[in-house]
Every structure is written in C-alpha cells, then in structure tokens.
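A.B. asks: My structure is in work_32.txt, and what it holds is compact mmCIF, C-alpha atoms and all ligand atoms:
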```
# COMPACT_ATOMS: atom_id res chain seq x y z
CA MET A 9 0.00 0.00 0.00
CA GLN A 10 2.79 2.42 0.97
CA GLU A 11 4.60 1.65 -2.28
CA GLU A 12 1.41 2.31 -4.27
CA LEU A 13 0.95 5.62 -2.47
CA LEU A 14 4.51 6.68 -3.23
CA ASN A 15 4.06 5.71 -6.89
CA SER A 16 0.94 7.87 -7.04
CA VAL A 17 2.80 10.87 -5.68
CA VAL A 18 5.52 10.26 -8.29
CA LYS A 19 2.82 10.06 -11.01
CA ILE A 20 1.17 13.32 -9.92
CA THR A 21 4.43 15.27 -9.68
CA LYS A 22 5.74 13.88 -12.99
CA THR A 23 3.27 15.97 -14.99
CA ARG A 24 4.53 19.18 -16.53
CA ASP A 25 1.31 21.06 -17.21
CA VAL A 26 -1.91 21.89 -15.37
CA ASP A 27 -4.21 19.86 -17.66
CA SER A 28 -2.23 16.61 -17.20
CA LEU A 29 -1.93 17.32 -13.47
CA GLU A 30 -5.72 17.46 -13.17
CA PHE A 31 -6.20 14.15 -14.99
CA SER A 32 -3.48 12.58 -12.90
CA LEU A 33 -5.13 13.70 -9.65
CA VAL A 34 -8.58 12.48 -10.68
CA SER A 35 -7.32 9.04 -11.75
CA THR A 36 -5.16 8.72 -8.60
CA ILE A 37 -8.07 9.48 -6.25
CA HIS A 38 -10.17 7.03 -8.19
CA GLU A 39 -7.51 4.29 -7.86
CA PHE A 40 -7.53 4.51 -4.07
CA ILE A 41 -11.17 5.30 -3.37
CA GLU A 42 -14.07 3.93 -5.31
CA CYS A 43 -15.88 7.09 -6.27
CA LYS A 44 -19.11 7.61 -8.13
CA GLU A 45 -17.90 10.96 -9.40
CA ILE A 46 -14.83 13.22 -9.16
CA ILE A 47 -14.79 16.73 -10.60
CA ILE A 48 -12.17 19.49 -10.55
CA TYR A 49 -13.69 22.98 -10.65
CA LYS A 50 -11.81 26.18 -11.46
CA ASN A 51 -12.93 29.53 -10.14
CA LEU A 52 -12.44 31.73 -13.20
CA SER A 53 -12.84 34.99 -11.30
CA GLU A 54 -9.32 34.36 -10.01
CA PHE A 55 -8.15 34.77 -13.61
CA ASN A 56 -10.14 38.01 -14.17
CA SER A 57 -12.90 36.14 -15.93
CA SER A 58 -16.35 35.22 -14.68
CA GLY A 59 -17.93 31.88 -13.85
CA VAL A 60 -16.73 28.45 -12.86
CA GLU A 61 -15.16 25.90 -15.18
CA ARG A 62 -15.80 22.20 -14.78
CA SER A 63 -12.35 20.96 -15.70
CA ALA A 64 -11.26 17.29 -15.48
CA SER A 65 -14.08 15.00 -14.37
CA LEU A 66 -14.72 11.27 -14.09
CA ARG A 67 -18.04 9.52 -13.49
CA VAL A 68 -19.00 5.88 -13.10
CA ASP A 69 -22.17 5.15 -15.07
CA GLU A 70 -24.92 2.56 -14.34
CA GLU A 71 -22.98 -0.17 -16.21
CA ASN A 72 -19.82 0.60 -14.19
CA ASN A 73 -18.04 2.23 -17.12
CA PHE A 74 -15.68 5.13 -16.41
CA VAL A 75 -16.79 8.22 -18.31
CA TRP A 76 -14.45 11.22 -18.62
CA GLY A 77 -16.46 14.43 -18.89
CA GLU A 78 -15.99 17.31 -21.32
CA ARG A 79 -14.74 20.63 -20.00
CA ASP A 80 -17.52 23.15 -19.59
CA ILE A 81 -18.11 26.67 -18.30
CA LEU A 82 -20.98 26.57 -15.81
CA THR A 83 -23.55 29.30 -15.83
CA ASP A 84 -25.06 27.98 -12.63
CA THR A 85 -23.27 26.35 -9.69
CA SER A 86 -24.62 24.36 -6.76
CA GLN A 87 -24.99 26.18 -3.45
CA GLU A 88 -22.38 23.90 -1.86
CA LEU A 89 -19.79 24.60 -4.58
CA ALA A 90 -20.44 28.34 -4.34
CA SER A 91 -19.96 28.38 -0.56
CA CYS A 92 -16.87 26.16 -0.76
CA LEU A 93 -15.30 28.63 -3.25
CA HIS A 94 -16.43 31.60 -1.21
CA SER A 95 -15.41 30.39 2.27
CA ALA A 96 -12.39 28.25 1.29
CA CYS A 97 -13.76 25.58 3.66
CA SER A 98 -14.53 21.92 2.94
CA ILE A 99 -18.20 21.03 2.71
CA ASN A 100 -19.42 17.54 3.43
CA ILE A 101 -22.93 16.12 2.98
CA GLN A 102 -23.86 12.67 4.26
CA ASN A 103 -26.76 11.20 2.28
CA LYS A 104 -29.36 8.82 3.72
CA ASN A 105 -28.31 6.07 1.29
CA GLY A 106 -24.83 5.90 2.86
CA THR A 107 -23.07 7.95 0.19
CA GLU A 108 -21.35 11.26 0.80
CA GLN A 109 -20.51 14.34 -1.23
CA ARG A 110 -17.46 16.46 -0.53
CA TRP A 111 -16.30 19.80 -1.90
CA ILE A 112 -12.65 20.44 -0.99
CA PRO A 113 -11.25 23.92 -1.75
CA VAL A 114 -8.06 24.38 -3.76
CA LEU A 115 -6.00 27.36 -2.63
CA LEU A 116 -3.35 29.25 -4.55
CA ASN A 117 -1.50 31.89 -2.51
CA ASP A 118 -4.24 31.53 0.13
CA LYS A 119 -7.03 32.30 -2.38
CA PRO A 120 -9.63 29.67 -3.32
CA VAL A 121 -9.01 29.10 -7.05
CA GLY A 122 -11.08 25.96 -7.34
CA ALA A 123 -12.57 22.93 -5.67
CA ILE A 124 -12.45 19.17 -5.89
CA TYR A 125 -15.79 17.39 -5.74
CA ILE A 126 -15.98 13.77 -4.69
CA GLU A 127 -19.05 11.57 -4.45
CA CYS A 128 -18.48 8.13 -2.91
CA ASN A 129 -19.53 5.73 -0.18
CA SER A 130 -18.83 7.01 3.34
CA LEU A 131 -15.09 7.42 3.86
CA CYS A 132 -13.17 5.98 6.82
CA SER A 133 -10.73 8.33 8.60
CA HIS A 134 -7.74 6.77 6.82
CA GLN A 135 -9.34 7.52 3.40
CA GLN A 136 -10.16 11.06 4.46
CA VAL A 137 -6.53 11.69 5.43
CA MET A 138 -5.41 10.26 2.11
CA ILE A 139 -7.78 12.41 0.04
CA ASN A 140 -6.74 15.54 1.90
CA ALA A 141 -3.07 14.69 1.37
CA PHE A 142 -3.60 14.18 -2.39
CA CYS A 143 -5.44 17.50 -2.58
CA ARG A 144 -2.60 19.31 -0.78
CA ILE A 145 0.05 17.72 -3.06
CA TYR A 146 -2.06 18.83 -6.03
CA GLU A 147 -2.34 22.35 -4.58
CA ASN A 148 1.43 22.68 -4.00
CA TYR A 149 2.29 21.38 -7.43
CA LEU A 150 -0.38 23.55 -9.06
CA THR A 151 1.28 26.63 -7.54
CA ILE A 152 4.59 25.74 -9.22
CA LEU A 153 3.04 24.86 -12.59
CA ASN A 154 0.85 27.94 -12.58
CA GLU A 155 3.90 30.16 -12.14
CA ASN A 156 5.51 28.44 -15.14
CA GLU A 157 2.45 28.75 -17.38
CA ARG A 158 1.56 32.36 -16.68
CA ASP A 159 3.16 35.69 -17.43
CA LYS A 160 4.45 37.34 -14.24
CA LEU A 161 3.18 40.85 -14.97
CA THR A 162 -0.30 40.19 -16.39
CA GLY A 163 -1.17 36.70 -15.12
CA LEU A 164 -2.15 35.71 -18.68
CA LEU A 165 -0.94 32.45 -20.23
CA ASN A 166 2.61 32.90 -21.50
CA ARG A 167 4.31 32.24 -24.85
CA GLN A 168 5.76 28.91 -23.67
CA THR A 169 2.29 27.56 -22.89
CA PHE A 170 0.97 28.55 -26.31
CA ASP A 171 2.52 25.66 -28.27
CA ARG A 172 1.13 22.99 -25.95
CA LYS A 173 -2.34 24.54 -25.63
CA ILE A 174 -2.64 25.09 -29.36
CA LYS A 175 -1.61 21.48 -30.09
CA MET A 176 -4.32 20.22 -27.71
CA LEU A 177 -6.91 22.54 -29.24
CA MET A 178 -6.05 21.47 -32.80
CA GLU A 179 -6.33 17.78 -31.83
CA ARG A 180 -9.70 18.41 -30.19
CA GLN A 181 -10.87 20.37 -33.21
CA LEU A 182 -9.83 17.57 -35.55
CA ASN A 183 -11.74 15.01 -33.45
CA ASP A 184 -14.83 17.26 -33.38
CA HIS A 185 -14.49 17.75 -37.12
CA PHE A 186 -14.60 13.99 -37.75
CA LYS A 187 -17.48 13.59 -35.29
CA ILE A 188 -19.49 16.33 -36.99
CA LYS A 189 -18.71 14.84 -40.42
CA ALA A 190 -20.06 11.50 -39.24
CA GLU A 191 -23.22 13.15 -37.90
CA LYS A 192 -23.60 15.50 -40.85
CA THR A 193 -26.73 13.83 -42.18
CA ASN A 194 -28.53 14.47 -38.86
CA ARG A 195 -27.32 17.95 -38.00
CA LYS A 196 -27.47 21.43 -39.39
CA ILE A 197 -23.84 22.49 -39.83
CA HIS A 198 -22.56 26.07 -39.80
CA ASP A 199 -19.81 25.63 -42.38
CA ASP A 200 -18.32 29.02 -41.54
CA SER A 201 -17.71 28.04 -37.91
CA THR A 202 -13.99 27.55 -37.19
CA SER A 203 -11.47 28.58 -34.57
CA TRP A 204 -9.77 31.95 -35.02
CA LEU A 205 -6.48 33.40 -33.90
CA ALA A 206 -5.99 37.12 -33.33
CA ILE A 207 -2.82 39.06 -32.56
CA ILE A 208 -3.53 42.28 -30.67
CA ASP A 209 -0.75 44.85 -30.62
CA ILE A 210 -0.75 48.23 -28.85
CA ASP A 211 -0.05 51.14 -31.20
CA HIS A 212 2.97 53.35 -30.50
CA PHE A 213 3.60 51.70 -27.14
CA LYS A 214 7.25 52.77 -27.23
CA ALA A 215 6.03 56.36 -26.96
CA VAL A 216 4.11 55.48 -23.75
CA ASN A 217 7.30 54.11 -22.17
CA ASP A 218 9.45 56.95 -23.47
CA THR A 219 7.06 59.64 -22.25
CA TYR A 220 5.80 58.26 -18.94
CA GLY A 221 8.36 55.60 -18.03
CA HIS A 222 8.30 51.80 -17.82
CA VAL A 223 6.24 51.67 -14.60
CA CYS A 224 3.37 53.45 -16.33
CA GLY A 225 3.89 51.21 -19.37
CA ASP A 226 3.59 48.13 -17.13
CA GLU A 227 0.40 49.51 -15.58
CA VAL A 228 -1.13 49.96 -19.05
CA LEU A 229 -0.19 46.37 -20.00
CA LEU A 230 -1.76 45.05 -16.80
CA LEU A 231 -4.99 47.03 -17.27
CA LEU A 232 -5.29 45.94 -20.89
CA ALA A 233 -4.73 42.29 -19.89
CA GLN A 234 -7.48 42.57 -17.27
CA ARG A 235 -9.82 44.06 -19.85
CA MET A 236 -9.10 41.21 -22.24
CA SER A 237 -9.73 38.53 -19.61
CA SER A 238 -13.05 40.01 -18.59
CA PHE A 239 -14.20 40.92 -22.11
CA PHE A 240 -13.57 37.63 -23.87
CA ARG A 241 -15.09 34.31 -22.88
CA ALA A 242 -13.27 32.12 -20.38
CA SER A 243 -13.10 29.38 -23.02
CA ASP A 244 -11.11 31.67 -25.36
CA LEU A 245 -7.40 31.43 -24.60
CA VAL A 246 -5.60 34.72 -24.01
CA PHE A 247 -1.78 34.78 -24.10
CA ARG A 248 0.78 37.51 -23.58
CA PHE A 249 3.10 36.70 -26.42
CA GLY A 250 5.78 39.15 -25.46
CA GLY A 251 6.14 42.92 -24.98
CA GLU A 252 2.91 44.67 -26.02
CA GLU A 253 1.67 41.79 -28.15
CA PHE A 254 -1.20 39.50 -27.13
CA VAL A 255 -2.63 36.44 -28.84
CA ILE A 256 -6.19 35.18 -28.47
CA VAL A 257 -7.35 31.80 -29.69
CA PHE A 258 -11.12 31.70 -30.09
CA GLU A 259 -13.44 28.73 -29.85
CA PRO A 260 -15.16 27.85 -33.15
CA THR A 261 -17.48 30.60 -34.30
CA THR A 262 -18.49 32.40 -37.48
CA CYS A 263 -16.49 35.13 -39.19
CA ALA A 264 -19.33 37.60 -38.53
CA MET A 265 -19.33 36.87 -34.80
CA ILE A 266 -15.55 37.10 -34.40
CA THR A 267 -15.49 40.37 -36.34
CA LYS A 268 -18.19 41.78 -34.04
CA ARG A 269 -16.34 40.74 -30.84
CA LEU A 270 -12.92 42.03 -31.93
CA GLU A 271 -14.34 45.29 -33.27
CA GLU A 272 -16.24 45.82 -30.01
CA PHE A 273 -13.07 45.22 -28.01
CA ARG A 274 -10.98 47.55 -30.19
CA GLN A 275 -13.65 50.24 -29.82
CA THR A 276 -13.94 49.72 -26.04
CA ILE A 277 -10.19 50.23 -25.60
CA HIS A 278 -10.31 53.24 -27.93
CA GLU A 279 -12.86 54.79 -25.55
CA THR A 280 -11.20 53.76 -22.26
CA ASP A 281 -9.38 56.27 -20.09
CA PHE A 282 -6.02 54.81 -19.13
CA PRO A 283 -3.87 56.43 -16.43
CA PHE A 284 -1.69 59.25 -17.82
CA ILE A 285 -2.29 58.56 -21.51
CA LYS A 286 -5.31 60.11 -23.17
CA GLN A 287 -5.98 57.33 -25.60
CA LEU A 288 -4.73 53.87 -26.38
CA THR A 289 -5.37 52.26 -29.74
CA LEU A 290 -4.94 48.69 -30.90
CA SER A 291 -4.09 47.09 -34.21
CA ILE A 292 -5.45 43.58 -34.64
CA GLY A 293 -4.54 40.91 -37.18
CA ALA A 294 -6.73 37.81 -37.32
CA ALA A 295 -6.73 34.54 -39.24
CA ARG A 296 -8.96 31.51 -39.55
CA MET A 297 -7.67 28.32 -37.92
CA SER A 298 -9.05 25.20 -39.58
CA PRO A 299 -8.36 21.71 -38.16
CA TYR A 300 -5.81 20.95 -40.91
CA ASP A 301 -3.70 24.11 -40.45
CA PHE A 302 -0.26 24.19 -38.87
CA PRO A 303 -0.27 26.59 -35.88
CA ILE A 304 2.86 28.32 -37.17
CA SER A 305 1.20 29.18 -40.50
CA VAL A 306 -1.90 30.52 -38.71
CA ILE A 307 0.34 32.82 -36.65
CA GLU A 308 2.15 33.94 -39.81
CA ASN A 309 -1.18 34.75 -41.46
CA ALA A 310 -2.43 36.73 -38.45
CA ASP A 311 0.94 38.49 -38.32
CA LYS A 312 0.66 39.51 -42.00
CA ALA A 313 -2.82 40.89 -41.28
CA LEU A 314 -1.43 42.79 -38.27
CA TYR A 315 1.38 44.20 -40.40
CA TYR A 316 -1.20 45.35 -42.94
CA ALA A 317 -3.20 47.05 -40.15
CA LYS A 318 -0.06 48.84 -38.89
CA GLU A 319 0.92 49.92 -42.40
CA HIS A 320 -2.54 51.25 -43.18
CA GLY A 321 -3.14 53.66 -40.31
CA ARG A 322 -3.23 51.39 -37.18
CA ASP A 323 -6.29 51.35 -34.84
CA GLN A 324 -8.03 48.73 -36.97
CA LEU A 325 -8.88 45.06 -37.35
CA VAL A 326 -7.69 43.23 -40.47
CA PHE A 327 -8.32 39.60 -41.38
CA TYR A 328 -5.76 37.66 -43.38
CA HIS A 329 -8.39 36.59 -45.91
CA GLN A 330 -9.17 40.27 -46.58
CA ILE A 331 -5.61 41.34 -47.42
CA ASN A 332 -5.48 40.06 -51.00
CA LYS A 333 -8.88 41.58 -51.68
CA LYS A 334 -7.81 44.93 -50.19
CA GLN A 335 -4.51 44.86 -52.11
CA SER A 336 -6.16 44.15 -55.45
CA ILE A 337 -8.69 46.95 -54.83
CA ALA A 338 -5.79 49.32 -54.01
CA ALA A 339 -3.88 48.20 -57.14
CA LYS A 340 -7.00 48.74 -59.23
CA SER A 341 -7.57 52.27 -57.90
CA ASP A 342 -3.84 53.06 -58.46
CA SER A 343 -4.12 52.01 -62.11
CA ASP A 344 -7.35 54.02 -62.41
CA ILE A 345 -5.47 57.10 -61.24
CA GLU A 346 -2.68 56.52 -63.77
CA LEU A 347 -5.23 56.48 -66.58
CA PHE A 348 -6.17 60.11 -65.96
N1 LIG B 1 6.62 48.88 -19.87
C1 LIG B 1 6.91 47.80 -20.60
N2 LIG B 1 7.30 47.97 -21.87
C2 LIG B 1 7.58 46.89 -22.61
C3 LIG B 1 7.51 45.59 -22.10
N3 LIG B 1 7.86 44.73 -23.09
C4 LIG B 1 8.14 45.47 -24.18
N4 LIG B 1 7.98 46.78 -23.91
C5 LIG B 1 8.19 47.94 -24.79
O1 LIG B 1 7.27 47.92 -25.87
C6 LIG B 1 7.77 48.80 -26.89
C7 LIG B 1 7.47 48.20 -28.24
O2 LIG B 1 7.88 49.12 -29.21
P1 LIG B 1 7.76 48.88 -30.76
O3 LIG B 1 7.99 47.43 -31.08
O4 LIG B 1 8.64 49.87 -31.44
O5 LIG B 1 6.25 49.13 -31.11
P2 LIG B 1 5.32 50.40 -30.92
O6 LIG B 1 6.02 51.58 -30.35
O7 LIG B 1 4.10 49.93 -30.18
O8 LIG B 1 4.93 50.76 -32.42
P3 LIG B 1 3.89 50.04 -33.36
O9 LIG B 1 3.70 48.63 -32.88
O10 LIG B 1 4.51 50.10 -34.72
O11 LIG B 1 2.62 50.82 -33.30
C8 LIG B 1 9.27 48.97 -26.61
O12 LIG B 1 9.51 50.28 -26.14
C9 LIG B 1 9.54 47.96 -25.48
O13 LIG B 1 10.54 48.43 -24.59
C10 LIG B 1 7.12 45.45 -20.72
O14 LIG B 1 7.01 44.35 -20.16
N5 LIG B 1 6.83 46.58 -20.00
```
Just give me the structure as structure tokens.

C.D. replies:
Amino acid sequence: MQEELLNSVVKITKTRDVDSLEFSLVSTIHEFIECKEIIIYKNLSEFNSSGVERSASLRVDEENNFVWGERDILTDTSQELASCLHSACSINIQNKNGTEQRWIPVLLNDKPVGAIYIECNSLCSHQQVMINAFCRIYENYLTILNENERDKLTGLLNRQTFDRKIKMLMERQLNDHFKIKAEKTNRKIHDDSTSWLAIIDIDHFKAVNDTYGHVCGDEVLLLLAQRMSSFFRASDLVFRFGGEEFVIVFEPTTCAMITKRLEEFRQTIHETDFPFIKQLTLSIGAARMSPYDFPISVIENADKALYYAKEHGRDQLVFYHQINKKQSIAAKSDSDIELF
C-alpha cells in the first residue's frame, strides 16, 4: 500500500502542465477510493474572468463504465460549490443512502481558485486523510506549474504555454471535425464556424514608455490584460506573447461573430481612459484556424494581417483573408489614377 501511495505521488508530480496534473489527480483518487464521481472545478474569477469551469471529471455510469467528462463553463453552480469557493472551507454532505458528497477547496496563494468534488460511499478516517493529502500535493504542485504557465506581470498564459495549448486545441478540433462529419446527415452544420487566432498589438507603445516611463507602461499592459480577460469568454485562450503583443485563440465561431467581438473590443479600448495617456489604440490581425492548419502558419497569417493594419493607419482590425482583396482593390484604384 505504501509503495502504491509513493508511486501515485511520483505520477502526480511527474506531470509538466496543469491539464495533465488534473487528470493525474482524478485518476489517482479514483484508484484509491471507489468514487461515483470526481470533478475538478476552477474559479475563473481568479483569472479576471467570470464563472466556474468544470475541468477534469470522471463519473461511473450505471454499467460501471468510467466516463471522462468534457470541460464546460458553468452558468449555474450548486450552493455547496459556491460556498466552498467563497469560504475556502470543505463542505461535506452525508446522504441517507450511505453515500457522501465532498467539496474540498483548492488554494493558490491563500485564495480559493477551485474545488475538488468527490461523491463516494462514506469514507473511513484513513481515506479522508489520504484524500486531503492528495489534494494538498495537487495544490502545492499547481502553484509551481501555474507560475511556469503564466506571465508574471499580467497573469495571462505565457508564450511557452501557447505551443502545448494550441496542439491540444487542434487535436480536439480535428476530433470534433470527424465527429461532426459522421453526424452530418442528422445535423445542421454552420460551415463558416472555425477557430480563429488574433494578434492584438498596442499602437505606438514605445512612446508610452518613453514619455511616462516603464512603470506606467507596465500599468497599461496590466490594465489591458485585465480588460481582455473580462471581455472575452473564459473558453477563449488569451496569451501575452511578449512585450505589447497578445494572442487570443477563439473557440469555433463564425467570421461575422468574431469580427463583431474584436471590433467591439478595439472600440472599447479606444474609448477607455487609461492612467496618464489620453488614448490607447490597438491594431489587430486575425486569421482563420481550420483543423488541418499548422499553428505556425496561422500565426504567420495573423501576423501579416497585423502588419497590414499597422501599415494602413493602425487602430483597426484586419483579417488575413481580406488582405489580398484589399490589395487588389488598391492596385485597381492606383491604375485608375494613372489612366487620368
Ligand atoms: N513597460 C513595458 N514595456 C515593454 C515591455 N515589453 C516590451 N515593452 C516595450 O514595448 C515597446 C514596443 O515598441 P515597438 O515594437 O517599437 O512598437 P510600438 O512603439 O508599439 O509601435 P507600433 O507597434 O509600430 O505601433 C518597446 O519600447 C519595449 O521596450 C514590458 O514588459 N513593459
């Protein structure tokens, strides 16, 4: 038993990213305690977003099959989960049928950033100690991984995390794509719905630093990052790519919807009063991300669109698929001028 326990600790601490850590914790708890359900919840308000995410989850169905759940953003949470996240205290309910439900808070720097839900038969004291120990190991390791995955200044996901997250997203998208293809006869498909990648770059940021100093520049970056986290959905991934450049990867949606969201954000920032500076403007380059694309080529496309936006007056959103059209229109009007 002791050897098994030690092996489990080795398994948990072997992971190198938060997603694998969550799966490792859930499967380890399940190995030692026969649970009906285990769920890891994330409190998104700790990452400047709203709501609660149901992250890794495992359920045992009526035929005793293990079913891993899909990630989901919850619009409504149970009262017990809400008070566990609010009070940072464990909540335990004993049911009449001999089962129990537990919500154990997960703390990061003393703040409740999530909770672990366990539904199982009544636990003996030895099992309770073990569960609490696993949760604390998870919490300690999460603190280290979180520091590695996030940018120190803004708290957004960092450049290093991008490659791994994007690979996972592309794999998921490809699976969904095949699933949808298989179901195509039964479902109405929005063919325009794909993922999108946008690069958001602050205009003339060097002037902000040069005029008001780096501390003010840092404050502007932090405020903009907070705005991004609260404006976009928690399921959209926001990265600080470096300097004053941010990358957002959007869940599948239509071109019309993504245009509306990005334009609204650009306009909101245009109208926001930042400390010291009168006005901050953004240039945005965006590109479609289909399941068969290489991430590097999607970034290159978004970067070309961003370059076009910078070259053509800044403070605007440009899509990669629009550039050729815009260029041929410009070439046409140039030749029209030459004719006269
Ligand atoms: N305060 C602060 N400044 C940063 C940070 N990282 C990069 N910068 C600054 O960001 C500025 C980027 O300048 P440029 O690449 O010339 O871009 P820009 O002035 O925004 O001009 P355009 O992008 O062409 O509109 C440089 O002055 C960097 O020093 C940071 O973490 N904090």

A.B. asks: Take the point (-5.7, 13.3, -12.7) in the file's coordinates, draw a sphere of radius 10 Å around it, and report as a compact mmCIF listing (two decimals) with C-alpha atoms, in the frame of the given file every protein, DNA or RNA residue with an atom inside or on it, counting all atoms listed in the file.

C.D. replies:
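Writing the result to selection24.txt gives the following:
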```txt
# COMPACT_ATOMS: atom_id res chain seq x y z
CA LYS A 19 2.82 10.06 -11.01
CA ILE A 20 1.17 13.32 -9.92
CA THR A 23 3.27 15.97 -14.99
CA VAL A 26 -1.91 21.89 -15.37
CA ASP A 27 -4.21 19.86 -17.66
CA SER A 28 -2.23 16.61 -17.20
CA LEU A 29 -1.93 17.32 -13.47
CA GLU A 30 -5.72 17.46 -13.17
CA PHE A 31 -6.20 14.15 -14.99
CA SER A 32 -3.48 12.58 -12.90
CA LEU A 33 -5.13 13.70 -9.65
CA VAL A 34 -8.58 12.48 -10.68
CA SER A 35 -7.32 9.04 -11.75
CA THR A 36 -5.16 8.72 -8.60
CA ILE A 37 -8.07 9.48 -6.25
CA HIS A 38 -10.17 7.03 -8.19
CA ILE A 46 -14.83 13.22 -9.16
CA ILE A 47 -14.79 16.73 -10.60
CA ILE A 48 -12.17 19.49 -10.55
CA ALA A 64 -11.26 17.29 -15.48
CA SER A 65 -14.08 15.00 -14.37
CA LEU A 66 -14.72 11.27 -14.09
CA TYR A 146 -2.06 18.83 -6.03
```

A.B. asks: Would you mind listing the residues within 8 Å of ligand LIG 1 (chain B), counting only C-alpha atoms and all ligand atoms, as a ChimeraX atom specification?

C.D. replies: /A:161,209-218,221-229,250-252,291,318,322

A.B. asks: Please, what distance in Å, to one decimal, runs between atom CA of A:Pro299 and atom CA of A:Glu259?

C.D. replies: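 Going from atom CA of A:Pro299 over to atom CA of A:Glu259, I get 12.0 Å.
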
A.B. asks: Nearest to A:Gln275 among A:Gln324, A:Thr83, A:Thr262, A:Ser203, with distances taken over all atoms listed in the file: which residue is it?

C.D. replies: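 Using all atoms listed in the file, the shortest distance to A:Gln275 belongs to A:Gln324.
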
A.B. asks: If we count only C-alpha atoms, what is near A:Ala96 at a cut-off of 8 Å, once residues fewer than 6 positions away on the same chain are taken out, given as an NGL selection string?

C.D. replies: :A and (113-115 or 119-120)

A.B. asks: As an exercise, work out the distance from atom CA of A:Lys333 to atom CA of A:Ala295 in Å and give it to one decimal place.

C.D. replies: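 The value is 14.5 Å.
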
A.B. asks: Write out as a PyMOL selection string each polymer residue whose atoms come within 12 Å of A:Trp204, counting only C-alpha atoms; drop sequence neighbours fewer than 6 positions from it.

C.D. replies: chain A and resi 174+177-178+181+244-245+255-267+269-270+293-299+301+303+306-307+309-310+327-329

A.B. asks: Write the residues you've just listed into a file as a tab-separated table (two decimals), keeping the file's coordinate frame, and include C-alpha atoms for each of them.

C.D. replies:
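Output file out01.tsv is given in full below:
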```tsv
chain	number	residue	atom	x	y	z
A	174	ILE	CA	-2.64	25.09	-29.36
A	177	LEU	CA	-6.91	22.54	-29.24
A	178	MET	CA	-6.05	21.47	-32.80
A	181	GLN	CA	-10.87	20.37	-33.21
A	244	ASP	CA	-11.11	31.67	-25.36
A	245	LEU	CA	-7.40	31.43	-24.60
A	255	VAL	CA	-2.63	36.44	-28.84
A	256	ILE	CA	-6.19	35.18	-28.47
A	257	VAL	CA	-7.35	31.80	-29.69
A	258	PHE	CA	-11.12	31.70	-30.09
A	259	GLU	CA	-13.44	28.73	-29.85
A	260	PRO	CA	-15.16	27.85	-33.15
A	261	THR	CA	-17.48	30.60	-34.30
A	262	THR	CA	-18.49	32.40	-37.48
A	263	CYS	CA	-16.49	35.13	-39.19
A	264	ALA	CA	-19.33	37.60	-38.53
A	265	MET	CA	-19.33	36.87	-34.80
A	266	ILE	CA	-15.55	37.10	-34.40
A	267	THR	CA	-15.49	40.37	-36.34
A	269	ARG	CA	-16.34	40.74	-30.84
A	270	LEU	CA	-12.92	42.03	-31.93
A	293	GLY	CA	-4.54	40.91	-37.18
A	294	ALA	CA	-6.73	37.81	-37.32
A	295	ALA	CA	-6.73	34.54	-39.24
A	296	ARG	CA	-8.96	31.51	-39.55
A	297	MET	CA	-7.67	28.32	-37.92
A	298	SER	CA	-9.05	25.20	-39.58
A	299	PRO	CA	-8.36	21.71	-38.16
A	301	ASP	CA	-3.70	24.11	-40.45
A	303	PRO	CA	-0.27	26.59	-35.88
A	306	VAL	CA	-1.90	30.52	-38.71
A	307	ILE	CA	0.34	32.82	-36.65
A	309	ASN	CA	-1.18	34.75	-41.46
A	310	ALA	CA	-2.43	36.73	-38.45
A	327	PHE	CA	-8.32	39.60	-41.38
A	328	TYR	CA	-5.76	37.66	-43.38
A	329	HIS	CA	-8.39	36.59	-45.91
```

A.B. asks: Just the number, please: distance in Å from atom CA of A:Tyr315 to atom CA of A:Pro283, one decimal.

C.D. replies: 27.4 Å

A.B. asks: Just checking: using all atoms listed in the file, which residue out of A:Glu12, A:Cys92, A:Thr280, A:Asn73 ends up closest to A:Lys50?

C.D. replies: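 Nearest candidate to A:Lys50 out of A:Glu12, A:Cys92, A:Thr280, A:Asn73: A:Cys92.
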
A.B. asks: For A:Cys97, please output as an NGL selection string all residues within 12 Å (counting all atoms listed in the file; exclusion window: fewer than 2 positions along the same chain).

C.D. replies: :A and (88-95 or 99-100 or 110-115 or 118-120 or 122-124)

A.B. asks: With only C-alpha atoms as the basis for distance, which of A:Ile145, A:Ile152, A:Met138, A:Leu164 is at the shortest distance from A:Glu39?

C.D. replies: A:Met138

A.B. asks: If we count all atoms listed in the file, what is near A:Lys104 at a cut-off of 12 Å, once residues fewer than 5 positions away on the same chain are taken out, given as a VMD selection string?

C.D. replies: chain A and resid 109 129 to 130

A.B. asks: My list of candidates is A:Leu165, A:Leu314, A:Ile277, A:Met236. Which is closest to A:Ala206 when distances are computed with only C-alpha atoms?

C.D. replies: A:Leu314

A.B. asks: Using all atoms listed in the file, can you tell me which of A:Val137, A:Cys43, A:Ala242, A:Leu230 comes closest to A:Ser58?

C.D. replies: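 Of the candidates, the smallest distance to A:Ser58 is held by A:Ala242.
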
A.B. asks: Measuring between all atoms listed in the file, which one of A:Gly77, A:Val326, A:Asn156, A:Lys173 shows the shortest distance to A:Lys312?

C.D. replies: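 Closest residue, counting all atoms listed in the file: A:Val326.
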